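Participant: File name work_0.txt; file contents compact mmCIF, C-alpha atoms and all ligand atoms; full text below.
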# COMPACT_ATOMS: atom_id res chain seq x y z
CA MET Q 1 -61.48 -10.98 -124.50
CA SER Q 2 -58.61 -9.04 -122.96
CA GLU Q 3 -56.40 -6.93 -125.17
CA ARG Q 4 -53.31 -8.99 -124.39
CA ILE Q 5 -55.00 -12.24 -125.32
CA ALA Q 6 -56.45 -10.68 -128.48
CA GLU Q 7 -52.99 -9.47 -129.46
CA ALA Q 8 -51.41 -12.88 -128.84
CA LEU Q 9 -54.11 -14.65 -130.87
CA ASP Q 10 -53.70 -12.13 -133.67
CA LEU Q 11 -49.99 -12.97 -133.79
CA VAL Q 12 -50.84 -16.67 -134.08
CA VAL Q 13 -53.17 -16.05 -137.02
CA ARG Q 14 -50.59 -13.85 -138.74
CA ALA Q 15 -47.75 -16.34 -138.16
CA PHE Q 16 -49.92 -19.12 -139.53
CA LYS Q 17 -50.51 -17.15 -142.73
CA LEU Q 18 -46.74 -17.11 -143.30
CA GLY Q 19 -46.58 -20.89 -143.23
CA GLU Q 20 -45.88 -23.61 -140.71
CA TYR Q 21 -44.24 -21.38 -138.15
CA ASP Q 22 -47.04 -21.58 -135.65
CA SER Q 23 -45.80 -23.86 -132.86
CA ASN Q 24 -43.74 -21.31 -130.91
CA VAL Q 25 -46.33 -18.59 -131.16
CA ILE Q 26 -48.99 -21.04 -130.02
CA GLY Q 27 -46.99 -21.76 -126.86
CA MET Q 28 -46.62 -18.03 -126.31
CA ALA Q 29 -50.35 -17.40 -126.78
CA ALA Q 30 -51.21 -20.24 -124.38
CA GLU Q 31 -48.99 -18.77 -121.67
CA VAL Q 32 -50.54 -15.33 -122.14
CA ILE Q 33 -54.00 -16.92 -121.80
CA ALA Q 34 -52.88 -18.77 -118.65
CA GLU Q 35 -51.57 -15.50 -117.17
CA VAL Q 36 -54.49 -13.28 -118.08
CA GLU Q 37 -57.44 -15.63 -117.78
CA PHE Q 38 -56.20 -17.87 -114.96
CA GLY Q 39 -53.89 -15.52 -113.06
CA MET Q 40 -50.83 -17.68 -113.63
CA THR Q 41 -47.48 -16.24 -112.62
CA LYS Q 42 -44.83 -17.26 -115.11
CA ALA Q 43 -42.08 -19.51 -113.77
CA PRO Q 44 -38.53 -18.10 -113.92
CA ARG Q 45 -36.77 -18.71 -117.22
CA GLY Q 46 -35.17 -22.12 -117.44
CA SER Q 47 -37.57 -23.77 -114.99
CA ARG Q 48 -38.05 -27.41 -115.89
CA ASP Q 49 -41.42 -29.11 -116.26
CA VAL Q 50 -43.32 -26.09 -114.98
CA ASP Q 51 -44.61 -23.05 -116.86
CA GLY Q 52 -45.96 -21.11 -113.91
CA THR Q 53 -47.84 -21.11 -110.64
CA TRP Q 54 -51.15 -19.94 -109.27
CA PHE Q 55 -52.71 -19.83 -105.83
CA VAL Q 56 -55.82 -21.89 -105.09
CA ASP Q 57 -57.10 -22.60 -101.57
CA GLY Q 58 -54.17 -20.79 -100.02
CA ARG Q 59 -51.64 -23.02 -101.69
CA GLU Q 60 -49.29 -22.52 -104.59
CA HIS Q 61 -49.97 -24.86 -107.49
CA LYS Q 62 -47.39 -25.69 -110.14
CA VAL Q 63 -48.92 -25.40 -113.57
CA GLN Q 64 -47.94 -26.83 -116.92
CA VAL Q 65 -49.54 -25.29 -119.98
CA LYS Q 66 -49.99 -27.40 -123.11
CA ALA Q 67 -51.43 -26.05 -126.31
CA TRP Q 68 -52.42 -27.80 -129.50
CA SER Q 69 -52.70 -26.01 -132.80
CA GLU Q 70 -55.88 -26.30 -134.80
CA GLY Q 71 -53.88 -28.16 -137.47
CA ARG Q 72 -52.63 -30.74 -134.99
CA VAL Q 73 -56.13 -31.50 -133.73
CA LYS Q 74 -57.42 -31.69 -137.30
CA LYS Q 75 -54.73 -34.24 -138.06
CA TYR Q 76 -54.93 -36.47 -134.99
CA ARG Q 77 -58.53 -35.72 -133.98
CA ARG Q 78 -59.67 -37.52 -130.83
CA GLY Q 79 -56.26 -39.20 -130.66
CA THR Q 80 -54.38 -35.87 -130.29
CA PHE Q 81 -52.13 -36.33 -127.29
CA LEU Q 82 -49.60 -34.71 -125.02
CA THR Q 83 -47.01 -36.25 -122.73
CA LEU Q 84 -45.83 -35.37 -119.22
CA LYS Q 85 -42.94 -36.78 -117.22
CA GLU Q 86 -44.57 -38.98 -114.61
CA ASN Q 87 -41.89 -38.33 -111.99
CA SER Q 88 -42.20 -34.55 -112.18
CA LEU Q 89 -45.91 -33.97 -112.74
CA PRO Q 90 -47.29 -30.46 -112.12
CA ASP Q 91 -50.21 -29.93 -109.70
CA VAL Q 92 -52.30 -28.63 -112.56
CA LEU Q 93 -52.38 -29.37 -116.27
CA LEU Q 94 -53.92 -26.63 -118.38
CA CYS Q 95 -54.53 -27.86 -121.92
CA MET Q 96 -56.04 -25.85 -124.75
CA ILE Q 97 -56.54 -25.70 -128.50
CA VAL Q 98 -55.34 -22.48 -130.10
CA TYR Q 99 -56.98 -21.70 -133.42
CA CYS Q 100 -54.85 -20.58 -136.36
CA SER Q 101 -57.48 -19.77 -138.98
CA LYS Q 102 -59.16 -17.21 -136.72
CA PRO Q 103 -58.29 -15.63 -133.35
CA GLY Q 104 -59.63 -18.03 -130.74
CA TYR Q 105 -58.92 -20.78 -128.26
CA GLU Q 106 -60.69 -23.49 -126.37
CA ILE Q 107 -59.81 -24.82 -122.91
CA ILE Q 108 -59.69 -28.62 -122.99
CA TYR Q 109 -58.59 -29.37 -119.45
CA ASN Q 110 -57.78 -27.56 -116.23
CA GLY Q 111 -57.11 -30.03 -113.44
CA PRO Q 112 -54.79 -32.59 -111.92
CA PRO Q 113 -52.82 -34.56 -114.54
CA THR Q 114 -53.14 -37.70 -112.41
CA ALA Q 115 -56.87 -37.83 -113.21
CA VAL Q 116 -56.30 -38.24 -116.95
CA GLY Q 117 -54.23 -40.31 -119.33
CA LYS Q 118 -52.18 -43.42 -118.96
CA VAL Q 119 -48.60 -44.09 -117.89
CA GLU Q 120 -46.55 -45.93 -120.49
CA VAL Q 121 -45.46 -49.46 -119.67
CA ASN Q 122 -41.75 -49.10 -120.34
CA ARG Q 123 -40.99 -45.53 -119.28
CA PRO Q 124 -42.28 -42.99 -116.76
CA VAL Q 125 -44.22 -40.95 -119.27
CA ARG Q 126 -47.90 -40.09 -118.96
CA VAL Q 127 -49.68 -39.99 -122.30
CA ILE Q 128 -52.83 -37.90 -122.19
CA ARG Q 129 -55.19 -37.93 -125.13
CA PHE Q 130 -57.87 -35.47 -126.18
CA ASP Q 131 -60.57 -38.03 -125.42
CA HIS Q 132 -59.10 -38.71 -121.98
CA MET Q 133 -59.92 -35.11 -121.05
CA LYS Q 134 -63.34 -34.68 -122.66
CA THR Q 135 -66.31 -36.98 -123.12
CA ALA Q 136 -66.89 -38.51 -126.55
CA ASP Q 137 -69.75 -36.07 -127.16
CA GLU Q 138 -67.66 -33.05 -126.21
CA VAL Q 139 -64.81 -34.22 -128.44
CA ALA Q 140 -67.24 -34.75 -131.31
CA SER Q 141 -68.71 -31.27 -130.98
CA ILE Q 142 -65.27 -29.64 -130.86
CA LEU Q 143 -64.20 -31.61 -133.95
CA GLN Q 144 -67.39 -30.46 -135.61
CA ARG Q 145 -66.53 -26.84 -134.82
CA LEU Q 146 -63.18 -27.47 -136.52
CA GLY Q 147 -65.09 -28.51 -139.61
CA LEU Q 148 -64.54 -32.25 -139.19
CA GLU Q 149 -67.86 -33.99 -139.63
CA GLU Q 150 -66.60 -37.41 -140.56
CA ARG Q 151 -63.79 -39.69 -139.60
CA PRO Q 152 -61.44 -40.95 -142.32
CA ARG Q 153 -62.63 -44.14 -143.92
CA ALA Q 154 -61.10 -47.40 -142.89
CA SER Q 155 -62.14 -50.84 -143.97
CA ARG Q 156 -63.57 -53.23 -141.43
CA ALA Q 157 -60.98 -55.85 -142.35
CA LYS Q 158 -58.26 -53.59 -141.04
CA VAL Q 159 -59.73 -53.37 -137.60
CA THR Q 160 -58.36 -56.46 -135.94
CA GLN Q 161 -55.08 -56.41 -137.76
CA ILE Q 162 -52.01 -54.89 -136.14
CA GLU Q 163 -51.16 -51.94 -138.34
CA SER Q 164 -47.43 -51.60 -138.02
CA GLY Q 165 -44.66 -52.65 -135.63
CA SER Q 166 -46.28 -51.22 -132.57
CA ALA Q 167 -49.61 -49.66 -133.44
CA LYS Q 168 -53.09 -51.10 -133.50
CA LEU Q 169 -56.54 -49.79 -134.37
CA CYS Q 170 -59.23 -49.65 -131.71
CA SER Q 171 -62.18 -51.61 -133.08
CA ILE Q 172 -64.66 -49.12 -131.62
CA CYS Q 173 -63.29 -45.65 -132.35
CA GLY Q 174 -61.05 -46.68 -135.24
CA VAL Q 175 -58.09 -44.67 -133.95
CA SER Q 176 -54.60 -46.09 -134.15
CA PHE Q 177 -52.66 -46.24 -130.86
CA PRO Q 178 -49.40 -47.75 -129.62
CA VAL Q 179 -50.08 -51.38 -128.64
CA GLU Q 180 -49.56 -50.49 -124.96
CA GLU Q 181 -52.92 -48.74 -125.08
CA PHE Q 182 -54.49 -52.19 -125.45
CA GLU Q 183 -52.71 -53.79 -122.49
CA TYR Q 184 -55.02 -53.84 -119.51
CA GLY Q 185 -57.01 -56.22 -117.35
CA GLY Q 186 -54.20 -58.78 -117.54
CA LYS Q 187 -54.56 -59.10 -121.32
CA GLN Q 188 -51.98 -58.17 -123.95
CA LEU Q 189 -54.14 -57.24 -126.90
CA ASN Q 190 -57.61 -56.07 -126.02
CA SER Q 191 -59.69 -54.89 -128.97
CA TYR Q 192 -60.78 -51.58 -127.45
CA CYS Q 193 -58.64 -48.62 -126.42
CA THR Q 194 -58.86 -47.74 -122.72
CA SER Q 195 -61.27 -44.85 -123.16
CA CYS Q 196 -63.63 -46.87 -125.38
CA CYS Q 197 -63.40 -49.71 -122.85
CA ARG Q 198 -64.46 -47.31 -120.08
CA LEU Q 199 -67.36 -45.93 -122.14
CA HIS Q 200 -68.36 -49.46 -123.09
CA GLY Q 201 -68.52 -50.35 -119.39
CA GLN Q 202 -70.60 -47.26 -118.67
CA ALA Q 203 -73.01 -48.19 -121.46
CA TYR Q 204 -73.37 -51.67 -120.00
CA ALA Q 205 -74.11 -50.25 -116.55
CA ARG Q 206 -76.75 -48.04 -118.12
CA GLY Q 207 -78.56 -50.54 -120.29
CA GLY Q 208 -76.83 -53.90 -120.53
CA SER Q 209 -75.77 -55.58 -123.74
CA GLU Q 210 -78.31 -53.72 -125.89
CA ALA Q 211 -76.76 -50.41 -124.78
CA THR Q 212 -73.24 -51.65 -125.52
CA ARG Q 213 -74.31 -52.80 -128.98
CA GLN Q 214 -75.76 -49.36 -129.70
CA PHE Q 215 -72.62 -47.69 -128.38
CA ARG Q 216 -70.33 -49.79 -130.57
CA GLU Q 217 -72.45 -49.35 -133.68
CA GLY Q 218 -72.83 -45.62 -133.10
CA MET Q 219 -69.08 -45.17 -132.80
CA ARG Q 220 -68.24 -47.39 -135.78
CA LYS Q 221 -70.71 -45.61 -138.02
CA ASN Q 222 -68.39 -42.60 -137.83
CA TRP Q 223 -65.46 -44.26 -139.51
CA SER Q 224 -66.18 -47.77 -140.70
CA LYS Q 225 -67.85 -48.53 -143.99
ZN ZN V 1 -61.24 -46.58 -128.95
What does the file become when written as C-alpha cells?
Facilitator:
Amino acid sequence: MSERIAEALDLVVRAFKLGEYDSNVIGMAAEVIAEVEFGMTKAPRGSRDVDGTWFVDGREHKVQVKAWSEGRVKKYRRGTFLTLKENSLPDVLLCMIVYCSKPGYEIIYNGPPTAVGKVEVNRPVRVIRFDHMKTADEVASILQRLGLEERPRASRAKVTQIESGSAKLCSICGVSFPVEEFEYGGKQLNSYCTSCCRLHGQAYARGGSEATRQFREGMRKNWSK
C-alpha cells in the first residue's frame, strides 16, 4: 500500500475513534485512493457531478468516486446504496468501502454507471445498490468479512405486507426497498426486488423450478425464521 493511501486510511481510523466524524475523511481517503491506485486527476474545485478524470484507450473519462463507511454497510448491508443524477452521469463510477475500525478499503465497482442500478420512476435519479454491483456470493463474503454472519430476524408474516408508506420487503432477500423497486414487467407490486428477480431467472435457466426453489429457500434461510 502506498504511503499516501496508508496515511489517508490512518486518518480515517483516527477520526472514527473521535466519534461519528468519519464521512468527510472517508470521501478524502477515497479520492486519494482513486488518485494513487487508479491514476485519477482531481477535477478542479467546484466541479459538479465529477470528482476527477483518467485516460483509458486514449480518451478522457469522467470519474465519480463514491465511498461507503464500514458503519454504513453494516447498517444497510446488501441494500446499501448510492445515487447519481441520471442526466449528468460520469463515464466511470468508482465505488468502494472504506474501513473505519482498521486501515483498509475494498473496491466494489469500477465501471460504467449505466450498467448498474435502476432509474427512479418519478425523477432522473439512478439508485445503485451494493448487490447491483456484486453478485450475491460476493456481497455475502464481504458482509462476512465485516463480521455480519446473519441477517436481522424478520417474521414470515411481514414479508408480503407493505411496511410503511412507500417501502416494501423483498420476499426473497428480506430487504426493505422503496415500492418503485417492485415495479417492473408491467406489474405494480412484484414480490421480488429487481436483483432477486434477475437471480431467480438465472436459477431457472440453470435448473428449472427445482433450482429456483433452492435459490429462494437458501436466501430466506439467512433472515426468515
Ligand atoms: Zn430481493
Participant: I'd like the neighbourhood of range 82-90 of chain Q as an MDAnalysis selection string, where a residue qualifies if any of its atoms comes within 10 Å (using all atoms listed in the file), though same-chain residues fewer than 2 positions away should be ignored.
Facilitator: chainID Q and resid 48:53 61:68 79:80 92:95 111:114 117:120 123:130
Participant: When you look at Val36 in chain Q with a cut-off of 12 Å (counting all atoms listed in the file), what residues show up, excluding the ones that are within fewer than 2 positions of it in the same chain? I need them as number ranges by chain.
Facilitator: Q: 1-6, 8, 29-34, 38-42, 54
Participant: Would you please work out which residue, of Q:Gln144, Q:Gln202, Q:Gln214, Q:Ser191, is nearest to ligand ZN 1 (chain V) when using all atoms listed in the file?
Facilitator: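 Going through Q:Gln144, Q:Gln202, Q:Gln214, Q:Ser191 one by one, the smallest distance to ligand ZN 1 (chain V) is for Q:Ser191.
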Participant: Residues within 9 Å of ligand ZN 1 (chain V) (all atoms listed in the file), as a list in words?
Facilitator: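 Selection of residues at most 9 Å from ligand ZN 1 (chain V): Leu169, Cys170, Ser171, Ile172, Cys173, Gly174, Val175, Ser176, Phe177, Ser191, Tyr192, Cys193, Thr194, Ser195, Cys196, Cys197 and Met219 of chain Q.
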Participant: Can you tell me, as number ranges by chain, what residues are no more than 9 Å from Leu9 in chain Q when counting all atoms listed in the file, ignoring any on the same chain fewer than 3 positions away?
Facilitator: Q: 4-6, 12-14, 25-26, 29, 98-100, 102-105
Participant: Figure out the distance between CA of Ser69 in chain Q and CA of Glu37 in chain Q, please, to one decimal in Å.
Facilitator: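 Spanning CA of Glu37 in chain Q to CA of Ser69 in chain Q is a straight-line distance of 18.9 Å.
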